[in-house]
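Written out below as structure tokens is the structure these notes cover.
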Amino acid sequence: MSWRGALGATQASLDYLLVRVCLEHRGVDRPLIAVSGVRSSLHALHLVAWLNDDLDASPDAVRIRCLDSISAAQLESYRPGLVSDDPGVPVCYVCVGNPSPRLALELYRQGFRGGIVVIDEGLGSYGNAYRRYQALRREGRSWARGVARALVRQTIRHWGQRWPSYRRVDGRWEPNPVVGAEFRRRAPQPDPDPQRVVLLLQPWRSLGIQSASEQRQVIQRIDEVVRVAGGHLLVRPHPVDRDHLIESDVEVSSTSGLAEHDPVVLGAGLVIGETSTSLINLAAFLARPTLAVRTPATPGISRVQFDLLTTFVGPPIETSALTVEHLHSVW
């Protein structure tokens, strides 16, 4: 192991010990944990997985106080009764994605002196400061605000213990087994159809980086290849893009929620997507056949993100160069 790896492992061990001390040695029954950043059922799943892992206990053994209304709604939907209104001082602050400096300062003013845990929010968690800046610009931030936020977010991620979905072990990516167990525990019975090919769309329409005609061309191109290969395409819109009409004759899914827990997706012969967290999760945690593609609208990703994607899914293929052989290599 290199000196960088040894230093990182030592820091992770110290952070982990800090959190365990905060939770186990204060003499608190059902300790109170502050939570923020849970913006989807995927985030809620990761939080529950962390509770099962780092606490060695069921989520019922703790009390959860959400610091924002979105987190409270998502957790209550994922696991009713998990959220508490207890106003006490938490022993730990857990955030999905980046810790909020404002919320952290508010907790410290209330007497909080516990550990901070940072849980991955998806593929974006593995991006560098420049890729974070680009993502913020796509969301409509000014260049100055984008630079400031990207640098702050990249810095504050090192405040506490990082609990990732994917870890590098001896130079190789390995999925977090606790996250995988939670995915499989919640997974429904698949709706099997070996000839079904599901295309997971990204929210490029909502972000303004792909027009309706550009999206239609991408869908038609993939549909042509799928038909020649003997399958039929089902398009699954991104939840953020559901208000945008898909201008195509291809069948469009009406389901919402996690793609990883959609029976139609789980039962498909093949799942196609771009730089998608769900695509990696389906391959790594649920052993589904997947294929990554790249369109003119696909944003660039960092070297670490590319390495993670290619480890479990394979390198992205330009849609203009997509062939039947590409599909049959994994389908």
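Chain labels follow the order of the structure tokens: the first chain is A, the next B, and so on; residue numbering restarts at 1 in every chain, and ligands are counted from 1 in their shown order.
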
Shell around region 316-331 of chain A at 8 Å using only C-alpha atoms, local window under 2 positions removed, as number ranges by chain: A: 218, 221-222, 225-226, 228-229, 269-270, 274, 289-295, 310, 314

Grab the residues selected above and save them as a PDB file, in the first residue's frame with C-alpha atoms.
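Written out: selection.pdb:
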```pdb
ATOM      1  CA  VAL A 218     -30.793   9.423 -29.931  1.00  0.00           C
ATOM      2  CA  ARG A 221     -30.856   5.453 -33.292  1.00  0.00           C
ATOM      3  CA  ILE A 222     -30.829   3.093 -30.299  1.00  0.00           C
ATOM      4  CA  VAL A 225     -30.100  -1.148 -33.401  1.00  0.00           C
ATOM      5  CA  VAL A 226     -32.279  -2.888 -30.807  1.00  0.00           C
ATOM      6  CA  VAL A 228     -32.133  -5.332 -35.736  1.00  0.00           C
ATOM      7  CA  ALA A 229     -30.797  -7.272 -32.735  1.00  0.00           C
ATOM      8  CA  GLY A 269     -32.721  -8.540 -21.083  1.00  0.00           C
ATOM      9  CA  LEU A 270     -30.545  -5.430 -21.230  1.00  0.00           C
ATOM     10  CA  GLU A 274     -25.325   7.120 -20.131  1.00  0.00           C
ATOM     11  CA  PRO A 289     -26.698  -6.840 -17.977  1.00  0.00           C
ATOM     12  CA  THR A 290     -25.926  -3.202 -18.791  1.00  0.00           C
ATOM     13  CA  LEU A 291     -24.429  -1.120 -21.580  1.00  0.00           C
ATOM     14  CA  ALA A 292     -23.196   2.473 -21.393  1.00  0.00           C
ATOM     15  CA  VAL A 293     -23.592   4.858 -24.324  1.00  0.00           C
ATOM     16  CA  ARG A 294     -22.503   8.408 -24.982  1.00  0.00           C
ATOM     17  CA  THR A 295     -24.600  11.026 -26.798  1.00  0.00           C
ATOM     18  CA  THR A 310     -16.013   1.105 -16.913  1.00  0.00           C
ATOM     19  CA  GLY A 314     -17.774  -0.978 -19.537  1.00  0.00           C
TER      20      GLY A 314
END
```

Within 9 Å of Trp163 (chain A) using only C-alpha atoms, minus same-chain residues under 2 positions, as a PDB file with N, CA and C atoms, in the first residue's frame:
```pdb
ATOM      1  N   TRP A  50     -26.300   2.629   5.851  1.00  0.00           N
ATOM      2  CA  TRP A  50     -25.271   3.094   6.782  1.00  0.00           C
ATOM      3  C   TRP A  50     -25.652   2.787   8.226  1.00  0.00           C
ATOM      4  N   VAL A 117     -20.628  12.262   9.175  1.00  0.00           N
ATOM      5  CA  VAL A 117     -20.507  11.172   8.213  1.00  0.00           C
ATOM      6  C   VAL A 117     -21.040  11.656   6.865  1.00  0.00           C
ATOM      7  N   VAL A 118     -20.258  11.443   5.820  1.00  0.00           N
ATOM      8  CA  VAL A 118     -20.637  11.853   4.461  1.00  0.00           C
ATOM      9  C   VAL A 118     -20.932  10.603   3.651  1.00  0.00           C
ATOM     10  N   ILE A 119     -22.189  10.463   3.205  1.00  0.00           N
ATOM     11  CA  ILE A 119     -22.624   9.302   2.430  1.00  0.00           C
ATOM     12  C   ILE A 119     -22.699   9.692   0.959  1.00  0.00           C
ATOM     13  N   ASP A 120     -22.260   8.803   0.080  1.00  0.00           N
ATOM     14  CA  ASP A 120     -22.308   9.079  -1.356  1.00  0.00           C
ATOM     15  C   ASP A 120     -23.729   9.345  -1.823  1.00  0.00           C
ATOM     16  N   GLN A 161     -16.106  11.345   8.324  1.00  0.00           N
ATOM     17  CA  GLN A 161     -15.963  10.012   7.768  1.00  0.00           C
ATOM     18  C   GLN A 161     -16.745   9.905   6.461  1.00  0.00           C
ATOM     19  N   SER A 165     -20.386   4.147  -1.589  1.00  0.00           N
ATOM     20  CA  SER A 165     -21.054   2.975  -2.166  1.00  0.00           C
ATOM     21  C   SER A 165     -20.041   2.049  -2.822  1.00  0.00           C
ATOM     22  N   TYR A 166     -18.951   2.652  -3.305  1.00  0.00           N
ATOM     23  CA  TYR A 166     -17.915   1.877  -3.984  1.00  0.00           C
ATOM     24  C   TYR A 166     -16.563   2.270  -3.402  1.00  0.00           C
TER      25      TYR A 166
END
```

Two-atom distance - CA of Ser69 (chain A), CA of Gly115 (chain A) (Å): 22.3 Å

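Each of A:Ala212, A:Val83, A:Val96, A:Gln202 was compared to Pro299 (chain A) using only C-alpha atoms, and A:Gln202 turns out to be the nearest.
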
One-decimal distance in Å that lies between CA of Ala181 (chain A) and CA of Pro237 (chain A):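 The value is 26.3 Å.
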
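Using only C-alpha atoms, the residues found no farther than 10 Å from Glu174 (chain A), other than those of its own chain fewer than 6 positions away, are A:Ser165, A:Tyr166, A:Arg167, A:Arg168, A:Ala284, A:Leu308, A:Thr311, A:Phe312.
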
Could those residues be written to a file, using C-alpha atoms, as a PDB file, in the first residue's frame?
```
ATOM      1  CA  SER A 165     -21.054   2.975  -2.166  1.00  0.00           C
ATOM      2  CA  TYR A 166     -17.915   1.877  -3.984  1.00  0.00           C
ATOM      3  CA  ARG A 167     -14.442   1.504  -2.496  1.00  0.00           C
ATOM      4  CA  ARG A 168     -11.001   0.989  -3.976  1.00  0.00           C
ATOM      5  CA  ALA A 284     -22.719  -3.956  -9.447  1.00  0.00           C
ATOM      6  CA  LEU A 308     -15.770   3.421 -11.820  1.00  0.00           C
ATOM      7  CA  THR A 311     -15.235  -1.302 -14.059  1.00  0.00           C
ATOM      8  CA  PHE A 312     -18.853  -2.394 -13.666  1.00  0.00           C
TER       9      PHE A 312
END
```

Backbone-only DSSP, helix (DSSP H, G or I) members of region 64-240 of chain A, as a PyMOL selection string: chain A and resi 69-78+101-109+123-126+129-138+143-156+177-186+204-207+212-228+239-240

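The space between CA of Tyr93 (chain A) and CA of Ala34 (chain A) spans 4.7 Å.
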
Contacts of region 246-263 of chain A within 9 Å, only C-alpha atoms, excl. fewer than 2 positions in-chain, as JSON, numbers by chain: {"A": [40, 41, 42, 183, 184, 186, 187, 188, 189, 190, 191, 192, 200, 212, 213, 215, 216, 217, 219, 220, 223, 232, 233, 234, 235, 236, 237, 238, 239, 242, 244, 265, 266, 267, 268, 278, 279, 281, 282, 286]}

Selection near Gly111 (chain A), 10 Å with only C-alpha atoms, sequence-local residues under 6 positions removed, as a list in words: Gly88, Val89, Pro90, Val91 and Leu105 of chain A

Which parts of region 50-297 of chain A does DSSP call strand (DSSP E) when run on the backbone here, written out as a PDB file with N, CA and C atoms, in the first residue's frame?
```
ATOM      1  N   ARG A  63     -32.879   7.398  16.772  1.00  0.00           N
ATOM      2  CA  ARG A  63     -33.870   8.410  16.415  1.00  0.00           C
ATOM      3  C   ARG A  63     -33.259   9.313  15.353  1.00  0.00           C
ATOM      4  N   ILE A  64     -34.037   9.640  14.342  1.00  0.00           N
ATOM      5  CA  ILE A  64     -33.563  10.442  13.224  1.00  0.00           C
ATOM      6  C   ILE A  64     -34.272  11.798  13.246  1.00  0.00           C
ATOM      7  N   ARG A  65     -33.475  12.866  13.292  1.00  0.00           N
ATOM      8  CA  ARG A  65     -34.047  14.208  13.155  1.00  0.00           C
ATOM      9  C   ARG A  65     -33.551  14.807  11.845  1.00  0.00           C
ATOM     10  N   CYS A  66     -34.464  15.119  10.945  1.00  0.00           N
ATOM     11  CA  CYS A  66     -34.106  15.673   9.651  1.00  0.00           C
ATOM     12  C   CYS A  66     -33.956  17.189   9.753  1.00  0.00           C
ATOM     13  N   CYS A  92     -24.515  12.670  16.289  1.00  0.00           N
ATOM     14  CA  CYS A  92     -23.856  12.477  15.008  1.00  0.00           C
ATOM     15  C   CYS A  92     -24.634  13.218  13.929  1.00  0.00           C
ATOM     16  N   TYR A  93     -23.917  13.780  12.952  1.00  0.00           N
ATOM     17  CA  TYR A  93     -24.542  14.454  11.817  1.00  0.00           C
ATOM     18  C   TYR A  93     -24.204  13.658  10.563  1.00  0.00           C
ATOM     19  N   VAL A  94     -25.233  13.129   9.900  1.00  0.00           N
ATOM     20  CA  VAL A  94     -25.056  12.324   8.700  1.00  0.00           C
ATOM     21  C   VAL A  94     -25.654  13.071   7.515  1.00  0.00           C
ATOM     22  N   CYS A  95     -24.873  13.255   6.464  1.00  0.00           N
ATOM     23  CA  CYS A  95     -25.369  13.956   5.280  1.00  0.00           C
ATOM     24  C   CYS A  95     -25.149  13.097   4.043  1.00  0.00           C
ATOM     25  N   VAL A  96     -26.165  13.070   3.198  1.00  0.00           N
ATOM     26  CA  VAL A  96     -26.042  12.410   1.902  1.00  0.00           C
ATOM     27  C   VAL A  96     -25.532  13.465   0.922  1.00  0.00           C
ATOM     28  N   GLY A 115     -19.487  13.417  15.598  1.00  0.00           N
ATOM     29  CA  GLY A 115     -18.840  13.167  14.319  1.00  0.00           C
ATOM     30  C   GLY A 115     -19.746  13.498  13.151  1.00  0.00           C
ATOM     31  N   ILE A 116     -19.133  13.670  11.987  1.00  0.00           N
ATOM     32  CA  ILE A 116     -19.856  13.934  10.745  1.00  0.00           C
ATOM     33  C   ILE A 116     -19.573  12.783   9.787  1.00  0.00           C
ATOM     34  N   VAL A 117     -20.628  12.262   9.175  1.00  0.00           N
ATOM     35  CA  VAL A 117     -20.507  11.172   8.213  1.00  0.00           C
ATOM     36  C   VAL A 117     -21.040  11.656   6.865  1.00  0.00           C
ATOM     37  N   VAL A 118     -20.258  11.443   5.820  1.00  0.00           N
ATOM     38  CA  VAL A 118     -20.637  11.853   4.461  1.00  0.00           C
ATOM     39  C   VAL A 118     -20.932  10.603   3.651  1.00  0.00           C
ATOM     40  N   ILE A 119     -22.189  10.463   3.205  1.00  0.00           N
ATOM     41  CA  ILE A 119     -22.624   9.302   2.430  1.00  0.00           C
ATOM     42  C   ILE A 119     -22.699   9.692   0.959  1.00  0.00           C
ATOM     43  N   GLN A 161     -16.106  11.345   8.324  1.00  0.00           N
ATOM     44  CA  GLN A 161     -15.963  10.012   7.768  1.00  0.00           C
ATOM     45  C   GLN A 161     -16.745   9.905   6.461  1.00  0.00           C
ATOM     46  N   ARG A 162     -16.103   9.416   5.412  1.00  0.00           N
ATOM     47  CA  ARG A 162     -16.799   9.183   4.150  1.00  0.00           C
ATOM     48  C   ARG A 162     -17.245   7.736   4.109  1.00  0.00           C
ATOM     49  N   TRP A 163     -18.507   7.534   3.769  1.00  0.00           N
ATOM     50  CA  TRP A 163     -19.064   6.181   3.683  1.00  0.00           C
ATOM     51  C   TRP A 163     -19.523   5.976   2.238  1.00  0.00           C
ATOM     52  N   TYR A 166     -18.951   2.652  -3.305  1.00  0.00           N
ATOM     53  CA  TYR A 166     -17.915   1.877  -3.984  1.00  0.00           C
ATOM     54  C   TYR A 166     -16.563   2.270  -3.402  1.00  0.00           C
ATOM     55  N   ARG A 167     -15.740   1.264  -3.115  1.00  0.00           N
ATOM     56  CA  ARG A 167     -14.442   1.504  -2.496  1.00  0.00           C
ATOM     57  C   ARG A 167     -13.336   0.902  -3.355  1.00  0.00           C
ATOM     58  N   ARG A 168     -12.181   1.562  -3.328  1.00  0.00           N
ATOM     59  CA  ARG A 168     -11.001   0.989  -3.976  1.00  0.00           C
ATOM     60  C   ARG A 168     -10.286   0.079  -2.981  1.00  0.00           C
ATOM     61  N   VAL A 169     -10.125  -1.167  -3.348  1.00  0.00           N
ATOM     62  CA  VAL A 169      -9.430  -2.142  -2.515  1.00  0.00           C
ATOM     63  C   VAL A 169      -8.311  -2.754  -3.351  1.00  0.00           C
ATOM     64  N   ARG A 172      -8.524  -1.872  -6.969  1.00  0.00           N
ATOM     65  CA  ARG A 172      -9.720  -2.290  -7.711  1.00  0.00           C
ATOM     66  C   ARG A 172     -10.968  -1.750  -7.026  1.00  0.00           C
ATOM     67  N   TRP A 173     -11.986  -1.441  -7.831  1.00  0.00           N
ATOM     68  CA  TRP A 173     -13.255  -0.985  -7.278  1.00  0.00           C
ATOM     69  C   TRP A 173     -14.056  -2.177  -6.778  1.00  0.00           C
ATOM     70  N   GLU A 174     -14.617  -2.035  -5.581  1.00  0.00           N
ATOM     71  CA  GLU A 174     -15.501  -3.059  -5.033  1.00  0.00           C
ATOM     72  C   GLU A 174     -16.751  -2.392  -4.493  1.00  0.00           C
ATOM     73  N   PRO A 175     -17.929  -2.975  -4.754  1.00  0.00           N
ATOM     74  CA  PRO A 175     -19.172  -2.395  -4.232  1.00  0.00           C
ATOM     75  C   PRO A 175     -19.292  -2.620  -2.733  1.00  0.00           C
ATOM     76  N   ASP A 193     -38.707 -10.368 -19.303  1.00  0.00           N
ATOM     77  CA  ASP A 193     -38.890 -10.330 -20.749  1.00  0.00           C
ATOM     78  C   ASP A 193     -37.495 -10.213 -21.357  1.00  0.00           C
ATOM     79  N   PRO A 194     -36.910 -11.341 -21.792  1.00  0.00           N
ATOM     80  CA  PRO A 194     -35.529 -11.324 -22.290  1.00  0.00           C
ATOM     81  C   PRO A 194     -35.333 -10.431 -23.512  1.00  0.00           C
ATOM     82  N   GLN A 195     -36.403 -10.148 -24.259  1.00  0.00           N
ATOM     83  CA  GLN A 195     -36.265  -9.317 -25.461  1.00  0.00           C
ATOM     84  C   GLN A 195     -36.433  -7.830 -25.160  1.00  0.00           C
ATOM     85  N   ARG A 196     -36.782  -7.501 -23.935  1.00  0.00           N
ATOM     86  CA  ARG A 196     -36.984  -6.087 -23.577  1.00  0.00           C
ATOM     87  C   ARG A 196     -35.619  -5.428 -23.328  1.00  0.00           C
ATOM     88  N   VAL A 197     -35.429  -4.263 -23.933  1.00  0.00           N
ATOM     89  CA  VAL A 197     -34.241  -3.445 -23.689  1.00  0.00           C
ATOM     90  C   VAL A 197     -34.719  -2.105 -23.140  1.00  0.00           C
ATOM     91  N   VAL A 198     -34.283  -1.765 -21.946  1.00  0.00           N
ATOM     92  CA  VAL A 198     -34.712  -0.521 -21.298  1.00  0.00           C
ATOM     93  C   VAL A 198     -33.639   0.539 -21.470  1.00  0.00           C
ATOM     94  N   LEU A 199     -34.055   1.719 -21.916  1.00  0.00           N
ATOM     95  CA  LEU A 199     -33.148   2.860 -22.049  1.00  0.00           C
ATOM     96  C   LEU A 199     -33.433   3.840 -20.917  1.00  0.00           C
ATOM     97  N   LEU A 200     -32.462   4.026 -20.027  1.00  0.00           N
ATOM     98  CA  LEU A 200     -32.588   4.974 -18.924  1.00  0.00           C
ATOM     99  C   LEU A 200     -32.138   6.354 -19.405  1.00  0.00           C
ATOM    100  N   HIS A 232     -37.009  -5.252 -28.358  1.00  0.00           N
ATOM    101  CA  HIS A 232     -37.912  -4.093 -28.417  1.00  0.00           C
ATOM    102  C   HIS A 232     -37.519  -3.132 -27.296  1.00  0.00           C
ATOM    103  N   LEU A 233     -37.518  -1.849 -27.622  1.00  0.00           N
ATOM    104  CA  LEU A 233     -37.019  -0.826 -26.710  1.00  0.00           C
ATOM    105  C   LEU A 233     -38.132  -0.237 -25.860  1.00  0.00           C
ATOM    106  N   LEU A 234     -37.816  -0.037 -24.580  1.00  0.00           N
ATOM    107  CA  LEU A 234     -38.694   0.665 -23.651  1.00  0.00           C
ATOM    108  C   LEU A 234     -37.901   1.826 -23.076  1.00  0.00           C
ATOM    109  N   VAL A 235     -38.409   3.040 -23.240  1.00  0.00           N
ATOM    110  CA  VAL A 235     -37.723   4.236 -22.749  1.00  0.00           C
ATOM    111  C   VAL A 235     -38.238   4.574 -21.362  1.00  0.00           C
ATOM    112  N   ARG A 236     -37.321   4.746 -20.415  1.00  0.00           N
ATOM    113  CA  ARG A 236     -37.702   5.130 -19.046  1.00  0.00           C
ATOM    114  C   ARG A 236     -37.179   6.538 -18.778  1.00  0.00           C
ATOM    115  N   GLU A 251     -42.110   2.835 -27.207  1.00  0.00           N
ATOM    116  CA  GLU A 251     -42.865   2.704 -25.958  1.00  0.00           C
ATOM    117  C   GLU A 251     -42.147   3.418 -24.812  1.00  0.00           C
ATOM    118  N   VAL A 252     -42.922   4.163 -24.017  1.00  0.00           N
ATOM    119  CA  VAL A 252     -42.369   4.934 -22.907  1.00  0.00           C
ATOM    120  C   VAL A 252     -42.938   4.405 -21.593  1.00  0.00           C
ATOM    121  N   ALA A 268     -35.621  -6.948 -17.544  1.00  0.00           N
ATOM    122  CA  ALA A 268     -35.216  -6.698 -18.924  1.00  0.00           C
ATOM    123  C   ALA A 268     -33.994  -7.528 -19.302  1.00  0.00           C
ATOM    124  N   GLY A 269     -33.888  -7.814 -20.607  1.00  0.00           N
ATOM    125  CA  GLY A 269     -32.721  -8.540 -21.083  1.00  0.00           C
ATOM    126  C   GLY A 269     -31.475  -7.684 -21.096  1.00  0.00           C
ATOM    127  N   LEU A 270     -31.667  -6.347 -21.187  1.00  0.00           N
ATOM    128  CA  LEU A 270     -30.545  -5.430 -21.230  1.00  0.00           C
ATOM    129  C   LEU A 270     -31.020  -4.049 -20.791  1.00  0.00           C
ATOM    130  N   VAL A 271     -30.153  -3.326 -20.076  1.00  0.00           N
ATOM    131  CA  VAL A 271     -30.432  -1.948 -19.672  1.00  0.00           C
ATOM    132  C   VAL A 271     -29.339  -1.065 -20.242  1.00  0.00           C
ATOM    133  N   ILE A 272     -29.747  -0.009 -20.955  1.00  0.00           N
ATOM    134  CA  ILE A 272     -28.806   0.930 -21.582  1.00  0.00           C
ATOM    135  C   ILE A 272     -28.940   2.280 -20.897  1.00  0.00           C
ATOM    136  N   GLY A 273     -27.829   2.974 -20.704  1.00  0.00           N
ATOM    137  CA  GLY A 273     -27.862   4.300 -20.102  1.00  0.00           C
ATOM    138  C   GLY A 273     -26.584   5.060 -20.402  1.00  0.00           C
ATOM    139  N   THR A 290     -25.833  -4.632 -18.526  1.00  0.00           N
ATOM    140  CA  THR A 290     -25.926  -3.202 -18.791  1.00  0.00           C
ATOM    141  C   THR A 290     -24.958  -2.799 -19.898  1.00  0.00           C
ATOM    142  N   LEU A 291     -25.274  -1.660 -20.530  1.00  0.00           N
ATOM    143  CA  LEU A 291     -24.429  -1.120 -21.580  1.00  0.00           C
ATOM    144  C   LEU A 291     -24.460   0.401 -21.484  1.00  0.00           C
ATOM    145  N   ALA A 292     -23.289   1.018 -21.473  1.00  0.00           N
ATOM    146  CA  ALA A 292     -23.196   2.473 -21.393  1.00  0.00           C
ATOM    147  C   ALA A 292     -23.006   3.065 -22.785  1.00  0.00           C
ATOM    148  N   VAL A 293     -23.724   4.159 -23.056  1.00  0.00           N
ATOM    149  CA  VAL A 293     -23.592   4.858 -24.324  1.00  0.00           C
ATOM    150  C   VAL A 293     -23.281   6.326 -24.052  1.00  0.00           C
ATOM    151  N   ARG A 294     -22.808   6.991 -25.081  1.00  0.00           N
ATOM    152  CA  ARG A 294     -22.503   8.408 -24.982  1.00  0.00           C
ATOM    153  C   ARG A 294     -23.192   9.129 -26.124  1.00  0.00           C
TER     154      ARG A 294
END
```

Best match for closeness to Val48 (chain A) among A:Glu214, A:Gln305, A:Leu245, A:Glu182, counting only C-alpha atoms: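 Among A:Glu214, A:Gln305, A:Leu245, A:Glu182, it is A:Glu182 that comes nearest to Val48 (chain A).
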
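Each of A:Ile33, A:Ala73, A:Val240, A:Val179 was compared to Asp86 (chain A) using only C-alpha atoms, and A:Ile33 turns out to be the nearest.
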